[in-house]
Number of protein chains: 2
Amino acid sequence: VSATLLSLHPEFLVSSKTRRYLLAISGGRDSVALLHSLLDAGYSKLVLCHLNHALRGKESGQDAAFVRRLAKKHSLPYEIARVDVMQRAHQTGESMELAARNSRHAFFAQCAQAHRCSRVLLAHHADDQAETILFNLLRGSSGLKGMQYAIDHQIEGKPLQFIRPLLESSRSEINRFLTNKKISYRDDSSNDEAIATRNRFRNEAIPLLNEIMGREIRPALLRAALISEAQEKALQSALTDLQLEDPQGRLFLPKLIKLSPALRKIAMFDYLKKHDVRDISHDLLTRCLHLVDNQSIAKTNLPKDRFLRRKEKRLFID
Amino acid sequence: VSATLLSLHPEFLVSSKTRRYLLAISGGRDSVALLHSLLDAGYSKLVLCHLNHALRGKESGQDAAFVRRLAKKHSLPYEIARVDVMQRAHQTGESMELAARNSRHAFFAQCAQAHRCSRVLLAHHADDQAETILFNLLRGSSGLKGMQYAIDHQIEGKPLQFIRPLLESSRSEINRFLTNKKISYRDDSSNDEAIATRNRFRNEAIPLLNEIMGREIRPALLRAALISEAQEKALQSALTDLQLEDPQGRLFLPKLIKLSPALRKIAMFDYLKKHDVRDISHDLLTRCLHLVDNQSIAKTNLPKDRFLRRKEKRLFID
């Protein structure tokens, strides 16, 4: 791969080059690299969309000015808006993370309407993905979950599709591309994210793990998540086919009891999770599974004063 | 839970207290805690088995002496042996890690024969487990794999079962137990493992991740691995039921093509992995799956100069 070319996701490359896209651009290295690789590849109907989070004073205004210059230089339309995330968080009671996210979504929804285009390109790359996978795992999300290459959202009733054309490019590929093409960008705008945990994860944890393991942990995380995701999908479709629930949404025991122990465990886990039972431990799962094959027990405790009960050949949460 | 009791694994507690067990004991805190909690729970037919790895000079001899005194104090039979792991590694060409492991196995096999007992108790705990899960993930083993509570081995043709009664107890529970019962032990024998990576993982990476996440990452890792393991077992049994391979072990296309895309992906991954294809990336998997539904392609490259080929409605590695 040439260092003056940054490869875009194979699913993205099949899309038409004359299609219009909104490009979320902070002015930092990743989004600027995405802009240039799109222009190089012949995607020209881009709208630069920049949201000034107003979280880092003068710097924020300079980021916006940089994006404006970039748009003018390449004769691209642009949208620049400003939100006070801190104020929004205070007013709505949302966390800073959620307030920032909702502000972004509202902004993109406005851009989508103004430019009659619901596709938003985001500059997340393979290192962001690896970090997200590990972060989600350690935060307690079951399985290995990363970001989707493309994902559909409904923002205030309107469809919005987020697409990540750089999701399979590494940070070092992006840096090489920027260096070799002498592209300028604003220094690490990503650090103005009000997410200290994520930054420490990126700047301290991942480098330490890479050093200890003697190689980059990114490829191993990406491969593991790829399989985990396929496993989860395959099992979800198997469970759907099995129709384990009755019309009232209760688990139907005669069907459950016919499954292999492993599949029974998955079905039970899935049922609990769907009903918002959190932090499902080995002990909890074992107790719930006992209800399936032990006729002498009729209920077992769940967190938050709830129960899993057996009645008339059904299991349900009470 | 009382801090003067250390709970043993529920599956272990159903075993008879008059059954004989070999106890692998280094003299360090974990194995000494296991010994005492077994004695407290009424397991009395224990054989203390100590292998002196001779990796830390005078300290190693003192560990052995400590174990001997412990055995005498509790009137338990013991086996103490000495191996030179470094020498074995030199002679056999094994890595230090493998030489240490094989030495241990050979030692336990001798103990098993001498005491007519094939059950070996190991003192791995829940923090070891979490560390193993994360280590395996970052090393590139697909999915989230930890140690089994009980696992059967064949050592030189003889069966040996390793059992981990403390696998659900945390390091802090073990430390509390030792402190409260004023039990003495040899200081951190685990550090004489010739496994610098594992030690850095334990002493640097895990504490940093705990600190950044603002809580212990152990429970999240254990829960995720529990589900991952069940998912893997459920899918393995589903794939076995589907009988996707012909008698020659080739993938039979008419069956493969009927599967959902996710299950097809799992089946392909499984087939490649079974045939020792390593580091299966998104790109590789995608190319292999193209062979299934694209009649115009007859083969695709695999690492190490191998190919996946389609011929007479079969896929096979060449």
# chains A, B, ... in the order shown; residues from 1 in each chain; ligands from 1
call {"tool": "select_by_dssp", "arguments": {"residues": "region 144-298 of chain A", "states": "helix (DSSP H, G or I)", "output": "PyMOL selection string"}}
result
chain A and resi 171-180+189-192+196-213+218-242+253-256+261-274+282-293
call {"tool": "select_by_dssp", "arguments": {"residues": "region 2-235 of chain B", "states": "strand (DSSP E)", "output": "count of residues only"}}
result
31
call {"tool": "interface_residues", "arguments": {"of": "chain A", "to": "chain B", "cutoff": "6 Å", "atoms": "only C-alpha atoms", "output": "list in words"}}
result
Leu138, Gly140, Ser142, Gly143, Ile217, Ala220, Arg223, Ala224, Ala230, Lys233, Ala234, Ala262, Leu263 and Ser281 of chain A
call {"tool": "residues_around", "arguments": {"residues": "Arg309 (chain A)", "least_positions_apart": "4", "cutoff": "6 Å", "atoms": "only C-alpha atoms", "output": "list in words"}}
result
Ala298, Lys299, Leu315 and Phe316 of chain A
call {"tool": "closest_residue", "arguments": {"among": "B:Met147, B:Leu13, B:Val277, B:Ala41", "to": "Ala130 (chain B)", "atoms": "only C-alpha atoms"}}
result
B:Met147
call {"tool": "residues_around", "arguments": {"residues": "Thr18 (chain B)", "least_positions_apart": "6", "cutoff": "12 Å", "atoms": "only C-alpha atoms", "output": "ChimeraX atom specification"}}
result
/B:38-39,41-46
call {"tool": "write_last_selection", "arguments": {"atoms": "all heavy atoms", "output": "mmCIF file, in the first residue's frame"}}
result
data_model
loop_
_atom_site.group_PDB
_atom_site.id
_atom_site.type_symbol
_atom_site.label_atom_id
_atom_site.label_comp_id
_atom_site.auth_asym_id
_atom_site.auth_seq_id
_atom_site.Cartn_x
_atom_site.Cartn_y
_atom_site.Cartn_z
ATOM 1 N N LEU B 38 -8.937 -25.807 52.695
ATOM 2 C CA LEU B 38 -9.310 -27.223 52.552
ATOM 3 C C LEU B 38 -9.369 -27.888 53.927
ATOM 4 O O LEU B 38 -10.318 -28.618 54.244
ATOM 5 C CB LEU B 38 -8.300 -27.949 51.657
ATOM 6 C CG LEU B 38 -8.347 -27.606 50.164
ATOM 7 C CD1 LEU B 38 -7.092 -28.114 49.459
ATOM 8 C CD2 LEU B 38 -9.599 -28.210 49.521
ATOM 9 N N LEU B 39 -8.342 -27.642 54.753
ATOM 10 C CA LEU B 39 -8.316 -28.225 56.095
ATOM 11 C C LEU B 39 -9.522 -27.736 56.900
ATOM 12 O O LEU B 39 -10.208 -28.519 57.556
ATOM 13 C CB LEU B 39 -7.008 -27.868 56.803
ATOM 14 C CG LEU B 39 -5.737 -28.506 56.203
ATOM 15 C CD1 LEU B 39 -4.483 -27.958 56.883
ATOM 16 C CD2 LEU B 39 -5.769 -30.035 56.301
ATOM 17 N N ALA B 41 -12.352 -26.840 55.799
ATOM 18 C CA ALA B 41 -13.596 -27.422 55.295
ATOM 19 C C ALA B 41 -13.672 -28.927 55.549
ATOM 20 O O ALA B 41 -14.678 -29.555 55.215
ATOM 21 C CB ALA B 41 -13.722 -27.128 53.800
ATOM 22 N N GLY B 42 -12.621 -29.494 56.122
ATOM 23 C CA GLY B 42 -12.684 -30.912 56.485
ATOM 24 C C GLY B 42 -12.057 -31.863 55.483
ATOM 25 O O GLY B 42 -12.200 -33.085 55.609
ATOM 26 N N TYR B 43 -11.367 -31.327 54.473
ATOM 27 C CA TYR B 43 -10.651 -32.215 53.548
ATOM 28 C C TYR B 43 -9.312 -32.552 54.186
ATOM 29 O O TYR B 43 -8.482 -31.660 54.386
ATOM 30 C CB TYR B 43 -10.427 -31.511 52.197
ATOM 31 C CG TYR B 43 -11.701 -31.263 51.449
ATOM 32 C CD1 TYR B 43 -12.445 -30.112 51.693
ATOM 33 C CD2 TYR B 43 -12.188 -32.181 50.523
ATOM 34 C CE1 TYR B 43 -13.636 -29.884 51.025
ATOM 35 C CE2 TYR B 43 -13.372 -31.961 49.851
ATOM 36 C CZ TYR B 43 -14.094 -30.797 50.106
ATOM 37 O OH TYR B 43 -15.275 -30.579 49.441
ATOM 38 N N SER B 44 -9.105 -33.810 54.502
ATOM 39 C CA SER B 44 -7.911 -34.129 55.288
ATOM 40 C C SER B 44 -6.932 -35.045 54.565
ATOM 41 O O SER B 44 -5.785 -35.158 54.958
ATOM 42 C CB SER B 44 -8.329 -34.774 56.605
ATOM 43 O OG SER B 44 -9.141 -35.902 56.317
ATOM 44 N N LYS B 45 -7.382 -35.722 53.508
ATOM 45 C CA LYS B 45 -6.472 -36.639 52.817
ATOM 46 C C LYS B 45 -5.754 -35.903 51.694
ATOM 47 O O LYS B 45 -5.991 -36.136 50.511
ATOM 48 C CB LYS B 45 -7.235 -37.864 52.308
ATOM 49 C CG LYS B 45 -7.776 -38.719 53.457
ATOM 50 C CD LYS B 45 -8.474 -39.948 52.970
ATOM 51 C CE LYS B 45 -7.505 -41.030 52.511
ATOM 52 N NZ LYS B 45 -8.223 -42.266 52.156
ATOM 53 N N LEU B 46 -4.863 -35.000 52.094
ATOM 54 C CA LEU B 46 -4.146 -34.171 51.124
ATOM 55 C C LEU B 46 -2.685 -34.586 51.069
ATOM 56 O O LEU B 46 -2.088 -34.918 52.097
ATOM 57 C CB LEU B 46 -4.225 -32.700 51.540
ATOM 58 C CG LEU B 46 -5.626 -32.121 51.771
ATOM 59 C CD1 LEU B 46 -5.532 -30.722 52.372
ATOM 60 C CD2 LEU B 46 -6.419 -32.112 50.471
#
call {"tool": "atom_distance", "arguments": {"atom1": "CA of Thr4 (chain B)", "atom2": "CA of Pro303 (chain A)"}}
result
26.7 Å
call {"tool": "atom_distance", "arguments": {"atom1": "CA of Leu34 (chain B)", "atom2": "CA of Met96 (chain B)"}}
result
26.6 Å
call {"tool": "closest_residue", "arguments": {"among": "A:Gln62, A:Gln129, A:Gln248, A:Ser184", "to": "Arg164 (chain A)", "atoms": "only C-alpha atoms"}}
result
A:Gln129
call {"tool": "residues_around", "arguments": {"residues": "region 77-82 of chain B", "least_positions_apart": "3", "cutoff": "12 Å", "atoms": "only C-alpha atoms", "output": "VMD selection string"}}
result
chain B and resid 20 to 27 44 to 55 57 60 to 61 63 to 74 85 88 100 103 to 104 106 to 115
call {"tool": "atom_distance", "arguments": {"atom1": "CA of Asp276 (chain A)", "atom2": "CA of Ser172 (chain B)"}}
result
29.6 Å
